[in-house]
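*Asks:* Below is the file input36.cif, with mmCIF, C-alpha atoms.
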```cif
data_my_file
#
loop_
_atom_site.label_atom_id
_atom_site.label_comp_id
_atom_site.auth_asym_id
_atom_site.auth_seq_id
_atom_site.Cartn_x
_atom_site.Cartn_y
_atom_site.Cartn_z
CA MET A 360 0.00 0.00 0.00
CA PHE A 361 1.20 3.50 -0.82
CA GLU A 362 1.52 5.77 2.16
CA SER A 363 -0.30 9.09 2.32
CA TYR A 364 1.37 12.31 1.22
CA LYS A 365 0.46 15.89 2.04
CA PRO A 366 -0.98 17.92 -0.87
CA ASP A 367 2.00 20.27 -0.99
CA ILE A 368 4.39 17.29 -1.36
CA ALA A 369 2.31 15.85 -4.20
CA GLN A 370 2.07 19.25 -5.89
CA THR A 371 5.85 19.74 -5.71
CA ALA A 372 6.44 16.25 -7.06
CA VAL A 373 4.08 16.91 -9.98
CA ARG A 374 5.92 20.15 -10.83
CA VAL A 375 9.20 18.24 -10.88
CA LEU A 376 7.61 15.46 -12.94
CA LEU A 377 6.32 17.93 -15.54
CA GLU A 378 9.84 19.33 -15.95
CA PHE A 379 11.18 15.79 -16.34
CA ILE A 380 8.59 15.08 -19.05
CA LYS A 381 9.46 18.32 -20.82
CA ASN A 382 13.28 18.22 -20.66
CA GLY A 383 14.28 14.83 -19.25
CA GLN A 384 16.25 16.30 -16.36
CA ILE A 385 16.55 19.02 -13.77
CA THR A 386 19.84 20.70 -12.92
CA ARG A 387 21.12 22.94 -10.18
CA VAL A 388 22.02 25.62 -12.77
CA LYS A 389 18.94 25.66 -15.02
CA ASN A 390 16.23 24.69 -12.50
CA PRO A 391 17.55 25.84 -9.11
CA GLU A 392 14.14 26.09 -7.41
CA LEU A 393 12.84 22.73 -8.63
CA PHE A 394 16.22 21.14 -8.02
CA ASP A 395 16.21 22.25 -4.40
CA GLU A 396 12.57 21.21 -3.95
CA TYR A 397 13.51 17.70 -5.05
CA TYR A 398 17.04 17.36 -3.73
CA LYS A 399 16.48 18.83 -0.28
CA ASN A 400 13.07 17.31 0.43
CA PRO A 401 13.15 13.60 1.32
CA ASP A 402 9.34 13.44 1.18
CA VAL A 403 9.37 14.49 -2.48
CA GLN A 404 12.07 11.92 -3.20
CA MET A 405 10.02 9.23 -1.45
CA PHE A 406 6.97 10.21 -3.49
CA PHE A 407 8.95 9.49 -6.65
CA GLU A 408 10.46 6.30 -5.25
CA ASN A 409 7.15 4.87 -4.00
CA ILE A 410 4.68 6.17 -6.60
CA VAL A 411 6.10 7.81 -9.73
CA ASN A 412 9.02 5.50 -10.51
CA PRO A 413 7.20 2.14 -10.24
CA THR A 414 3.97 3.44 -11.79
CA ALA A 415 5.65 5.22 -14.73
CA ASP A 416 8.36 2.51 -15.04
CA VAL A 417 11.26 4.95 -14.82
CA THR A 418 14.51 5.36 -12.90
CA LEU A 419 15.94 8.62 -11.56
CA LEU A 420 19.71 9.06 -11.70
CA GLU A 421 21.27 11.65 -9.45
CA THR A 422 24.48 13.63 -9.11
CA PRO A 423 25.05 16.63 -6.84
CA ASN A 424 24.16 18.88 -9.80
CA MET A 425 21.65 16.90 -11.86
CA VAL A 426 18.70 14.51 -11.69
CA VAL A 427 17.96 12.57 -14.91
CA PHE A 428 14.62 10.94 -15.75
CA CYS A 429 15.27 7.59 -17.49
CA PRO A 430 12.55 5.36 -18.92
CA ASN A 431 13.27 1.70 -18.20
CA PRO A 432 14.21 -0.50 -21.21
CA ASP A 433 10.69 -1.79 -21.98
CA ASN A 434 8.90 1.48 -21.26
CA ARG A 435 6.72 2.16 -24.31
CA PHE A 436 5.16 5.37 -22.98
CA PHE A 437 8.21 7.50 -22.22
CA GLY A 438 10.61 5.47 -24.37
CA TYR A 439 10.85 5.08 -28.16
CA THR A 440 9.40 2.36 -30.35
CA ASN A 441 11.82 0.99 -32.96
CA GLU A 442 10.05 2.97 -35.67
CA GLU A 443 10.16 6.20 -33.67
CA LEU A 444 13.82 5.68 -32.83
CA ARG A 445 14.76 5.03 -36.46
CA LYS A 446 13.07 8.23 -37.57
CA GLN A 447 14.55 10.29 -34.73
CA MET A 448 18.05 8.90 -35.01
CA ILE A 449 18.51 8.43 -38.74
CA GLY A 450 15.46 9.59 -40.69
CA SER A 451 12.48 8.35 -42.67
CA ASN A 452 12.63 5.44 -45.10
CA THR A 453 15.04 3.52 -42.88
CA SER A 454 15.03 -0.07 -41.67
CA ASN A 455 15.88 -2.05 -38.56
CA THR A 456 19.28 -2.65 -40.14
CA ASP A 457 19.88 1.10 -39.91
CA LEU A 458 18.80 0.96 -36.28
CA TYR A 459 21.27 -1.86 -35.55
CA LEU A 460 23.98 0.28 -37.14
CA GLY A 461 22.97 3.17 -34.93
CA TYR A 462 23.27 1.01 -31.81
CA PHE A 463 26.62 -0.32 -32.99
CA ILE A 464 27.96 3.19 -33.60
CA ILE A 465 26.93 4.23 -30.09
CA LEU A 466 28.69 1.18 -28.61
CA CYS A 467 31.81 1.96 -30.62
CA LEU A 468 31.70 5.56 -29.42
CA LEU A 469 31.52 4.45 -25.78
CA ALA A 470 34.32 1.96 -26.38
CA GLU A 471 36.47 4.80 -27.74
CA PHE A 472 35.92 6.81 -24.56
CA TYR A 473 36.02 4.06 -21.95
CA GLY A 474 37.88 1.11 -23.48
CA PRO A 475 37.71 -2.27 -21.72
CA ASN A 476 36.69 -0.72 -18.39
CA ILE A 477 33.11 -0.37 -19.62
CA ILE A 478 32.61 -4.13 -19.47
CA ASP A 479 32.96 -4.26 -15.70
CA ASN A 480 31.55 -0.76 -15.14
CA GLU A 481 34.91 0.25 -13.69
CA LEU A 482 34.66 3.40 -15.70
CA SER A 483 37.41 5.86 -16.32
CA ASN A 484 37.95 7.52 -19.67
CA GLY A 485 41.68 7.79 -19.10
CA GLY A 486 41.67 11.52 -19.74
CA ILE A 487 40.01 11.31 -23.18
CA THR A 488 37.92 14.44 -23.66
CA TYR A 489 36.69 13.91 -27.21
CA VAL A 490 36.66 11.47 -30.10
CA LYS A 491 37.24 12.57 -33.68
CA ILE A 492 34.32 11.78 -35.96
CA SER A 493 36.75 10.51 -38.61
CA GLU A 494 38.27 8.10 -36.07
CA LEU A 495 34.82 6.89 -35.04
CA VAL A 496 33.94 6.22 -38.69
CA LYS A 497 37.16 4.23 -39.06
CA THR A 498 36.50 2.27 -35.87
CA VAL A 499 33.00 1.30 -37.01
CA THR A 500 34.33 0.32 -40.44
CA ASP A 501 37.14 -1.80 -38.97
CA ARG A 502 34.77 -3.62 -36.59
CA LEU A 503 32.14 -4.30 -39.25
CA GLN A 504 34.77 -5.42 -41.75
CA THR A 505 35.78 -7.96 -39.12
CA VAL A 506 32.16 -9.07 -38.88
CA ALA A 507 32.00 -9.49 -42.66
CA ASP A 508 35.21 -11.55 -42.61
CA ARG A 509 34.29 -13.76 -39.66
CA ASP A 510 33.24 -17.38 -39.85
CA GLU A 511 29.50 -17.65 -40.51
CA ASP A 512 28.84 -19.92 -37.51
CA GLU A 513 30.69 -17.61 -35.11
CA ILE A 514 28.74 -14.54 -36.24
CA SER A 515 25.46 -16.48 -36.17
CA MET A 516 26.09 -17.34 -32.52
CA LEU A 517 26.86 -13.71 -31.69
CA GLU A 518 23.72 -12.58 -33.51
CA PHE A 519 21.67 -15.08 -31.51
CA GLU A 520 23.17 -13.92 -28.21
CA THR A 521 22.60 -10.22 -28.95
CA ASP A 522 19.40 -10.46 -31.01
CA THR A 523 20.94 -8.32 -33.76
CA ASN A 524 21.61 -8.98 -37.44
CA LEU A 525 25.28 -7.99 -37.45
CA LYS A 526 26.13 -9.61 -40.79
CA GLN A 527 23.44 -7.68 -42.63
CA ALA A 528 24.40 -4.48 -40.79
CA ALA A 529 28.03 -5.00 -41.82
CA ARG A 530 27.10 -5.41 -45.50
CA HIS A 531 24.84 -2.36 -45.31
CA TRP A 532 27.63 -0.25 -43.81
CA LEU A 533 30.44 -1.46 -46.05
CA ASN A 534 28.37 -0.76 -49.17
CA LYS A 535 28.19 2.92 -48.20
CA PRO A 536 30.81 5.36 -49.54
CA GLU A 537 32.99 7.14 -47.01
CA TYR A 538 31.44 10.52 -47.78
CA ASN A 539 29.78 12.47 -50.58
CA PRO A 540 32.20 15.07 -52.01
CA ARG A 541 29.27 16.97 -53.51
CA LEU A 542 27.73 17.64 -50.10
CA LYS A 543 28.98 20.63 -48.13
CA ILE A 544 27.17 19.33 -45.02
CA GLN A 545 27.75 15.58 -44.72
CA ARG A 546 25.22 15.00 -41.94
CA ILE A 547 22.23 15.75 -44.15
CA SER A 548 22.51 12.25 -45.67
CA HIS A 549 22.64 8.83 -44.00
CA LEU A 550 23.73 7.25 -47.28
CA THR A 551 27.43 7.73 -46.47
CA ARG A 552 29.41 6.46 -43.49
CA MET A 553 30.33 9.95 -42.37
CA GLY A 554 26.77 11.20 -42.72
CA PHE A 555 25.36 8.21 -40.86
CA VAL A 556 27.71 8.67 -37.91
CA LEU A 557 26.94 12.39 -37.80
CA LYS A 558 23.20 11.67 -37.76
CA VAL A 559 23.64 9.33 -34.80
CA CYS A 560 25.73 11.97 -33.01
CA LYS A 561 23.09 14.61 -33.77
CA PHE A 562 20.45 12.38 -32.18
CA LEU A 563 22.63 11.92 -29.09
CA GLU A 564 23.17 15.68 -29.00
CA ASP A 565 19.42 16.33 -29.17
CA GLU A 566 19.02 13.93 -26.23
CA GLY A 567 21.53 15.97 -24.22
CA LEU A 568 24.11 13.18 -24.19
CA VAL A 569 26.95 14.54 -26.34
CA HIS A 570 28.23 17.75 -27.86
CA THR A 571 29.47 17.70 -31.45
CA GLN A 572 32.01 20.36 -32.37
CA ASN A 573 31.92 21.47 -36.02
CA ASP A 574 30.97 17.95 -37.13
CA ARG A 575 34.57 16.95 -36.35
CA GLU A 576 34.71 16.02 -32.66
CA VAL A 577 32.24 14.51 -30.22
CA TYR A 578 32.32 15.10 -26.46
CA LEU A 579 30.37 13.16 -23.82
CA LYS A 580 28.19 15.37 -21.63
CA GLU A 581 27.56 14.83 -17.93
CA LYS A 582 24.19 13.19 -18.61
CA ALA A 583 25.80 10.53 -20.82
CA GLN A 584 28.55 9.88 -18.30
CA LEU A 585 25.95 9.46 -15.57
CA MET A 586 23.87 7.05 -17.64
CA VAL A 587 26.92 4.98 -18.59
CA ARG A 588 28.01 4.74 -14.98
CA ARG A 589 24.63 4.13 -13.38
CA TYR A 590 22.19 2.82 -15.95
CA TYR A 591 23.53 1.15 -19.03
CA GLY A 592 20.55 -0.69 -20.48
CA ASP A 593 20.68 -4.44 -21.09
CA ALA A 594 23.88 -5.47 -19.32
CA GLN A 595 24.19 -8.88 -20.98
CA ARG A 596 23.80 -7.52 -24.51
CA LYS A 597 26.17 -4.66 -23.71
CA GLU A 598 28.82 -7.02 -22.39
CA THR A 599 28.62 -9.37 -25.37
CA LEU A 600 28.87 -6.60 -27.96
CA MET A 601 31.49 -4.68 -26.04
CA LYS A 602 33.72 -7.73 -25.71
CA PHE A 603 33.40 -8.30 -29.45
CA ILE A 604 34.24 -4.66 -30.27
CA LEU A 605 37.20 -4.45 -27.91
CA LYS A 606 38.55 -7.88 -28.83
CA GLN A 607 39.51 -6.52 -32.24
CA GLU A 608 42.14 -4.31 -30.59
CA GLY A 609 43.38 -7.01 -28.25
CA LEU A 610 41.94 -5.10 -25.30
CA THR A 611 40.14 -8.06 -23.72
#
```
What does the file become when written as structure tokens?
*Replies:*
Amino acid sequence: MFESYKPDIAQTAVRVLLEFIKNGQITRVKNPELFDEYYKNPDVQMFFENIVNPTADVTLLETPNMVVFCPNPDNRFFGYTNEELRKQMIGSNTSNTDLYLGYFIILCLLAEFYGPNIIDNELSNGGITYVKISELVKTVTDRLQTVADRDEDEISMLEFETDTNLKQAARHWLNKPEYNPRLKIQRISHLTRMGFVLKVCKFLEDEGLVHTQNDREVYLKEKAQLMVRRYYGDAQRKETLMKFILKQEGLT
């Protein structure tokens, strides 16, 4: 049974919830009043813990300067469907293969920042502040070329374990040109490797997870670092794919 809460506690919690729904987070800098109402009031925190979080199927992640509102993996109300995610991340007229590529690019990006430590969640980026987009494109290409060259049975087992069609994703990626010399802005098209990676980075930027500098460098923001450290989705799938990615560099 849920315990009773005073009206002012419920009202404060609803104000915080509305900000979460609107922007996905509250911070000490941008929302000082709401931040204090949540962070300094244990009754408001308990309202979320006992009522909002289990009912809405979400998790709140906290640092001294930020609280992030995270839908749980199977949350279909606050989360994305596959179709919605494809359109948001890459664009219309895309397939689940494009979505797999998007996931793979994100995993490669995290591997670039965190290396083998991400497998055990012993996370330290070793002083890396950014990753060059060109290097990320090369990393994805190298990994997927390895997929294309691997024994069919080995890749089939990995696909079964991760529920992804890596072989098809590899062919899809490797058939793309590196970039389109006729385009001044590469990210307007997902038909090239560079454009595809930039579209994924733009999606992550819109979600408040990274900052892309001049379409050349990508930086992890505090929200992304928090989510990697505290709430990294399906741990088994992450570990399997991460071990595969890092194994290509002899890091595991």
*Asks:* For the atom pair CA of Leu460 (chain A) and CA of Trp532 (chain A), what is the interatomic distance in Å to one decimal place?
*Replies:*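 So the answer is 7.6 Å.
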*Asks:* So which residues get picked by the PyMOL selection byres ((chain A and resi 456) around 9) here, written as a JSON list (two decimals) with C-alpha atoms, keeping the file's coordinate frame?
*Replies:*
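Printed below is result_16.json as written:
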```
[["chain", "number", "residue", "atom", "x", "y", "z"],
["A", 453, "THR", "CA", 15.04, 3.52, -42.88],
["A", 454, "SER", "CA", 15.03, -0.07, -41.67],
["A", 455, "ASN", "CA", 15.88, -2.05, -38.56],
["A", 457, "ASP", "CA", 19.88, 1.10, -39.91],
["A", 458, "LEU", "CA", 18.80, 0.96, -36.28],
["A", 459, "TYR", "CA", 21.27, -1.86, -35.55],
["A", 460, "LEU", "CA", 23.98, 0.28, -37.14],
["A", 461, "GLY", "CA", 22.97, 3.17, -34.93],
["A", 523, "THR", "CA", 20.94, -8.32, -33.76],
["A", 524, "ASN", "CA", 21.61, -8.98, -37.44],
["A", 525, "LEU", "CA", 25.28, -7.99, -37.45],
["A", 527, "GLN", "CA", 23.44, -7.68, -42.63],
["A", 528, "ALA", "CA", 24.40, -4.48, -40.79],
["A", 531, "HIS", "CA", 24.84, -2.36, -45.31]]
```
*Asks:* Hey, can you check how far CA of Asp510 (chain A) sits from CA of Phe463 (chain A)?
*Replies:*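 CA of Asp510 (chain A) sits 19.5 Å away from CA of Phe463 (chain A).
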*Asks:* Which residue, A:Cys467, A:Val506, A:Leu377, A:Leu542, has the smallest gap to Gly554 (chain A) when you use all atoms listed in the file?
*Replies:* A:Leu542
*Asks:* Using the chain letters and numbers from the file, which residues does the PyMOL selection byres ((chain A and resi 492) around 7) grab, as a compact mmCIF listing (two decimals) with C-alpha atoms, keeping the file's coordinate frame?
*Replies:*
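New file part-v7.txt:
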```
# COMPACT_ATOMS: atom_id res chain seq x y z
CA VAL A 490 36.66 11.47 -30.10
CA LYS A 491 37.24 12.57 -33.68
CA SER A 493 36.75 10.51 -38.61
CA GLU A 494 38.27 8.10 -36.07
CA LEU A 495 34.82 6.89 -35.04
CA VAL A 496 33.94 6.22 -38.69
CA ARG A 575 34.57 16.95 -36.35
CA GLU A 576 34.71 16.02 -32.66
CA VAL A 577 32.24 14.51 -30.22
```
*Asks:* Which residues would end up in the selection if the PyMOL selection byres ((chain A and resi 500) around 10) were applied here, given that I need the answer as a PDB file with C-alpha atoms, in the coordinates of the input?
*Replies:*
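Result file follows (result.pdb):
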```pdb
ATOM      1  CA  ILE A 464      27.960   3.190 -33.600  1.00  0.00           C
ATOM      2  CA  GLU A 494      38.270   8.100 -36.070  1.00  0.00           C
ATOM      3  CA  LEU A 495      34.820   6.890 -35.040  1.00  0.00           C
ATOM      4  CA  VAL A 496      33.940   6.220 -38.690  1.00  0.00           C
ATOM      5  CA  LYS A 497      37.160   4.230 -39.060  1.00  0.00           C
ATOM      6  CA  THR A 498      36.500   2.270 -35.870  1.00  0.00           C
ATOM      7  CA  VAL A 499      33.000   1.300 -37.010  1.00  0.00           C
ATOM      8  CA  ASP A 501      37.140  -1.800 -38.970  1.00  0.00           C
ATOM      9  CA  ARG A 502      34.770  -3.620 -36.590  1.00  0.00           C
ATOM     10  CA  LEU A 503      32.140  -4.300 -39.250  1.00  0.00           C
ATOM     11  CA  GLN A 504      34.770  -5.420 -41.750  1.00  0.00           C
ATOM     12  CA  THR A 505      35.780  -7.960 -39.120  1.00  0.00           C
ATOM     13  CA  VAL A 506      32.160  -9.070 -38.880  1.00  0.00           C
ATOM     14  CA  ALA A 529      28.030  -5.000 -41.820  1.00  0.00           C
ATOM     15  CA  TRP A 532      27.630  -0.250 -43.810  1.00  0.00           C
ATOM     16  CA  LEU A 533      30.440  -1.460 -46.050  1.00  0.00           C
ATOM     17  CA  GLU A 537      32.990   7.140 -47.010  1.00  0.00           C
ATOM     18  CA  ARG A 552      29.410   6.460 -43.490  1.00  0.00           C
TER      19      ARG A 552
END
```
*Asks:* I'd like the contact shell of region 401-403 of chain A - 8 Å cut-off, all atoms listed in the file, skipping same-chain residues fewer than 6 positions apart - returned as a VMD selection string.
*Replies:* chain A and resid 368 to 369 371 to 372
*Asks:* Which one is closest to Leu393 (chain A): A:Met448, A:Leu579, A:Met425, A:Ile410? Count only C-alpha atoms.
*Replies:*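 Ranking A:Met448, A:Leu579, A:Met425, A:Ile410 by distance to Leu393 (chain A), first place goes to A:Met425.
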*Asks:* Quick one: everything within 9 Å of Asn539 (chain A), counting all atoms listed in the file, minus sequence neighbours fewer than 2 positions away in the same chain. Send it as a count of residues only.
*Replies:* 11
*Asks:* Please measure the separation of CA of Gln370 (chain A) and CA of Lys582 (chain A), giving the value in Å to one decimal.
*Replies:*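 Straight-line distance from CA of Gln370 (chain A) to CA of Lys582 (chain A) works out to 26.2 Å.
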*Asks:* Tell me which of A:Arg374, A:Lys399, A:Arg387, A:Lys381 sits closest to Phe428 (chain A), counting all atoms listed in the file.
*Replies:*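 Result for the nearest residue to Phe428 (chain A): A:Lys381.
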*Asks:* Compare A:Asn452, A:Asn434, A:Tyr364, A:Val373 by their minimum atom-to-atom distance to Asn409 (chain A), counting only C-alpha atoms, and give me the closest one.
*Replies:*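 Checking each candidate against Asn409 (chain A), we get A:Tyr364 as the closest.
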*Asks:* Go through A:Ala415, A:Val559, A:Leu420, A:Ile514 one by one, measure the shortest atom-to-atom distance of each to Gly438 (chain A) using all atoms listed in the file, and give the residue with the smallest value.
*Replies:*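 Using all atoms listed in the file, Gly438 (chain A) sits closest to A:Ala415.
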